[in-house]
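Worksheet for the structure shown next.
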Amino acid sequence: MPSKGLPTVTRSGIFIDMRLARILATVATLTVLLPATTAVAAPSLAAYRSLPGTAWWTSPAGETVVAVDETVPTSRVAGLRKALRDRGQVVQEKGTLRRHIAGADPFFQAGGFRCLIGFNARAGSTYYFLTSRHCVGAVGSTVYADAAATVPLGVVTTVTPSYDTALIRYTNTTIAKPSAVNIYPGLAPISTFGTRAVGTRVTRSGPSGVRSGTVTALNVTVNYADGAVTGLIRTNICSQPGDSGGPLFAGTTGVGITSGGSGSCSTGGVSYYSPAARAGSAYGVGPY
């Protein structure tokens with residue numbers, strides 16, 4: 001507070017006690033000496049965008065949401081929370097984000113690695129199936145109907161790593177190829193590819209089981225340990241190793257192709273899917 005009875009001067013919100021202040025210049029603007037400070041830069045959100053073990057999406061309210069798995073160090077989680085501040089939230093997931101190597105019918109690479117057929121599709125009179133990119137080898141390589149790799153099933157035609165999708169052309173003419181999903185037992189027909197909004201009920205099928213849940217986010221970027229995949233669908237349905245490539249569907253609509261997930265069906269988890277409609281459009285194929 002100023003000393004009682006002594007003159008004071010105010011400039012631009014600065015209160016000066018004339019008994020204590022030293023005037024450096026008699027000008028309209030006073031020069032005030034302040035202690036030096038060191039600016040601390042706020043952590044950049046961009047620095048975390050490719051962090052392995054994270055999945056990113058925007059909520060319907062426009063908020064940035066980042067899911068982190070158990071491999072992300074606590075120091076990085078703390079830094080991410082600080083970078084987000086009031087712009088979003090961090091969600092802790094169980095387990096580790098991973099691709100699942102192991103229709104819903106299985107197929108195999110040479111070496112015995114198993115994945116699942118997502119959806120049968122065709123262009124004209126040529127038949128194909130959609131699956132995950134990480135399930136197959138290079139374009140031109142063969143996939144098999146059996147683990148011993150004695151029954152050729154098809155040839156890899158096209159792959160899209162950034163979407164984790166692949167198109168396989170059937171070369172085996174003796175195996176039936178219904179436009180349907182195996183729901184163990186029985187078949188669920190698929191007549192179209194389409195999208196589903198957040199909150200919509202969907203179903204995943206595979207040898208690990210037929211399970212249903214809801215879509216929890218769209219256009220998600222997942223940073224797996226071996227690279228990022230964009231534009232994915234997130235659900236609260238658990239998945240297991242061996243489920244990759246398998247179908248996500250709603251009624252007769254093919255919705256997604258299993259890319260990966262975190263957690264498990266014994267402890268609970270989430271799963272991510274590449275949109276079937278996007279893959280069908282990109283490859284020029286569809287259900288029949």
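Just remember, in the structure tokens the first chain shown is A, the second B, etc., residues are 1-based per chain, and ligands are 1-based in the order shown.
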Proximity check region 185-206 of chain A to region 210-229 of chain A, 7 Å, nearest pairs one decimal Å, only C-alpha atoms, as a Markdown table:
```
| residue | atom | partner | partner_atom | distance |
| --- | --- | --- | --- | --- |
| A:Ala197 | CA | A:Val215 | CA | 6.9 |
| A:Val198 | CA | A:Val215 | CA | 4.9 |
| A:Gly199 | CA | A:Val215 | CA | 5.2 |
| A:Thr200 | CA | A:Thr214 | CA | 5.3 |
| A:Arg201 | CA | A:Thr214 | CA | 4.4 |
| A:Val202 | CA | A:Ser212 | CA | 5.6 |
| A:Thr203 | CA | A:Ser212 | CA | 4.1 |
| A:Arg204 | CA | A:Arg211 | CA | 5.4 |
| A:Ser205 | CA | A:Val210 | CA | 4.4 |
| A:Gly206 | CA | A:Val210 | CA | 6.2 |
```
Please produce a file of those selected residues containing C-alpha atoms, as a short mmCIF file (atom, residue, chain, number, x, y, z; two decimals), in the first residue's frame.
```
data_model
loop_
_atom_site.label_atom_id
_atom_site.label_comp_id
_atom_site.auth_asym_id
_atom_site.auth_seq_id
_atom_site.Cartn_x
_atom_site.Cartn_y
_atom_site.Cartn_z
CA ALA A 197 -22.61 -44.07 -35.96
CA VAL A 198 -21.20 -43.88 -32.44
CA GLY A 199 -23.53 -45.75 -30.10
CA THR A 200 -24.71 -48.22 -32.76
CA ARG A 201 -24.80 -51.90 -31.84
CA VAL A 202 -22.42 -54.11 -33.86
CA THR A 203 -21.20 -57.72 -33.78
CA ARG A 204 -17.82 -59.37 -34.29
CA SER A 205 -17.44 -63.02 -35.28
CA GLY A 206 -14.56 -65.47 -35.22
#
```
Requested in this report: Apply DSSP to the structure's backbone, then extract all residues of region 58-168 of chain A labelled strand (DSSP E) and return them as number ranges by chain.
Outcome: A: 58, 64-68, 88-92, 98-99, 106-108, 114-116, 119-123, 126-131, 142-144, 152-160, 165-168
Could you dump the residues just selected with C-alpha atoms as a compact mmCIF listing (two decimals), in the first residue's frame?
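Below you can see result.txt, which holds the result:
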```txt
# COMPACT_ATOMS: atom_id res chain seq x y z
CA THR A 58 -12.21 -36.69 -31.78
CA THR A 64 -9.51 -34.84 -28.46
CA VAL A 65 -9.48 -38.26 -26.78
CA VAL A 66 -6.29 -40.31 -26.43
CA ALA A 67 -6.36 -43.93 -25.24
CA VAL A 68 -3.06 -45.19 -23.80
CA GLY A 88 -9.22 -33.25 -24.30
CA GLN A 89 -8.76 -36.28 -22.10
CA VAL A 90 -6.53 -39.33 -21.68
CA VAL A 91 -8.17 -42.76 -21.27
CA GLN A 92 -6.18 -45.65 -19.77
CA ARG A 98 -1.50 -55.07 -30.82
CA ARG A 99 -2.44 -56.45 -34.18
CA PRO A 106 -9.59 -68.76 -40.94
CA PHE A 107 -6.88 -68.68 -43.58
CA PHE A 108 -3.15 -69.16 -43.25
CA ARG A 114 -3.64 -67.64 -38.90
CA CYS A 115 -5.96 -64.75 -39.62
CA LEU A 116 -9.61 -64.47 -40.60
CA PHE A 119 -15.85 -60.35 -46.14
CA ASN A 120 -16.20 -62.11 -49.45
CA ALA A 121 -16.60 -59.68 -52.34
CA ARG A 122 -16.46 -59.60 -56.09
CA ALA A 123 -15.89 -57.40 -59.11
CA THR A 126 -13.91 -62.38 -60.15
CA TYR A 127 -14.16 -63.31 -56.48
CA TYR A 128 -12.08 -61.87 -53.65
CA PHE A 129 -12.02 -61.48 -49.90
CA LEU A 130 -11.08 -58.54 -47.71
CA THR A 131 -8.78 -58.96 -44.72
CA THR A 142 -0.22 -67.14 -51.73
CA VAL A 143 -2.51 -67.70 -48.75
CA TYR A 144 -3.81 -71.12 -47.78
CA PRO A 152 -3.94 -72.81 -51.85
CA LEU A 153 -6.81 -70.39 -51.31
CA GLY A 154 -5.87 -67.20 -53.11
CA VAL A 155 -3.25 -64.64 -54.08
CA VAL A 156 -2.61 -61.24 -52.51
CA THR A 157 -3.74 -58.64 -55.06
CA THR A 158 -3.57 -55.26 -53.28
CA VAL A 159 -2.45 -54.03 -49.86
CA THR A 160 -2.95 -50.70 -48.05
CA THR A 165 -6.47 -53.71 -45.40
CA ALA A 166 -5.72 -56.20 -48.16
CA LEU A 167 -7.56 -57.71 -51.10
CA ILE A 168 -7.07 -61.41 -51.85
```
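Each of A:Cys135, A:Leu45, A:Leu232, A:Ala147 was compared to Thr195 (chain A) using only C-alpha atoms, and A:Leu232 turns out to be the nearest.
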**Report entry** Shell around Gly79 (chain A) at 12 Å using only C-alpha atoms, local window under 4 positions removed, as a ChimeraX atom specification
**Finding:** /A:42-48,51,72-75,83-85,90
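The residue that comes closest to Tyr283 (chain A), out of A:Gly261, A:Arg169, A:Asn182, A:Thr150 and on the basis of only C-alpha atoms, is A:Arg169.
Among the candidates A:Tyr184, A:Tyr273, A:Phe249, A:Tyr288, the one nearest to Ile233 (chain A) when counting only C-alpha atoms is A:Tyr273.
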Once DSSP has gone over the backbone, tell me which residues of region 16-253 of chain A are in helix (DSSP H, G or I), as a PDB file with C-alpha atoms, in the first residue's frame.
```
ATOM      1  CA  LEU A  45       0.681 -32.178 -28.506  1.00  0.00           C
ATOM      2  CA  ALA A  46       2.200 -32.946 -31.900  1.00  0.00           C
ATOM      3  CA  ALA A  47       5.173 -34.548 -30.147  1.00  0.00           C
ATOM      4  CA  TYR A  48       2.889 -37.324 -28.885  1.00  0.00           C
ATOM      5  CA  THR A  74       3.750 -42.882 -16.678  1.00  0.00           C
ATOM      6  CA  SER A  75       6.028 -39.926 -17.446  1.00  0.00           C
ATOM      7  CA  ARG A  76       4.776 -39.841 -21.031  1.00  0.00           C
ATOM      8  CA  VAL A  77       1.162 -40.153 -19.887  1.00  0.00           C
ATOM      9  CA  ALA A  78       1.705 -37.211 -17.533  1.00  0.00           C
ATOM     10  CA  GLY A  79       3.263 -35.186 -20.345  1.00  0.00           C
ATOM     11  CA  LEU A  80       0.375 -36.040 -22.628  1.00  0.00           C
ATOM     12  CA  ARG A  81      -2.171 -34.918 -20.042  1.00  0.00           C
ATOM     13  CA  LYS A  82      -0.281 -31.641 -19.667  1.00  0.00           C
ATOM     14  CA  ALA A  83      -0.144 -31.129 -23.428  1.00  0.00           C
ATOM     15  CA  LEU A  84      -3.877 -31.762 -23.753  1.00  0.00           C
ATOM     16  CA  ARG A  85      -4.804 -29.543 -20.795  1.00  0.00           C
ATOM     17  CA  ASP A  86      -8.412 -28.438 -21.333  1.00  0.00           C
ATOM     18  CA  ARG A  87      -8.506 -29.589 -24.970  1.00  0.00           C
ATOM     19  CA  ARG A 133      -2.835 -56.013 -44.395  1.00  0.00           C
ATOM     20  CA  HIS A 134      -0.718 -57.294 -41.510  1.00  0.00           C
ATOM     21  CA  CYS A 135      -2.164 -60.778 -42.077  1.00  0.00           C
TER      22      CYS A 135
END
```
For the interface of region 188-217 of chain A with region 255-260 of chain A (cut-off 8 Å, counting only C-alpha atoms), please tabulate each contacting residue of region 188-217 of chain A alongside its nearest pair of atoms and their separation in Å to one decimal, rows sorted by chain and increasing number, as CSV.
```
residue,atom,partner,partner_atom,distance
A:Phe193,CA,A:Val255,CA,6.0
A:Gly194,CA,A:Val255,CA,5.5
A:Thr195,CA,A:Val255,CA,5.7
A:Arg196,CA,A:Val255,CA,7.1
```
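Of the residues under consideration (A:Gly124, A:Gly137, A:Tyr163, A:Thr174), A:Gly124 shows the shortest atom-to-atom contact distance to Val285 (chain A) when counting only C-alpha atoms.
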Query - 12 Å contact set for Cys265 (chain A), only C-alpha atoms, chain neighbours under 5 positions out, as a list in words - result: Lys94, Gly95, Ser208, Gly209, Val210, Arg211, Ser212, Asn236, Ile237, Cys238, Ser239, Gln240, Pro241, Asp243, Val270 and Ser271 of chain A
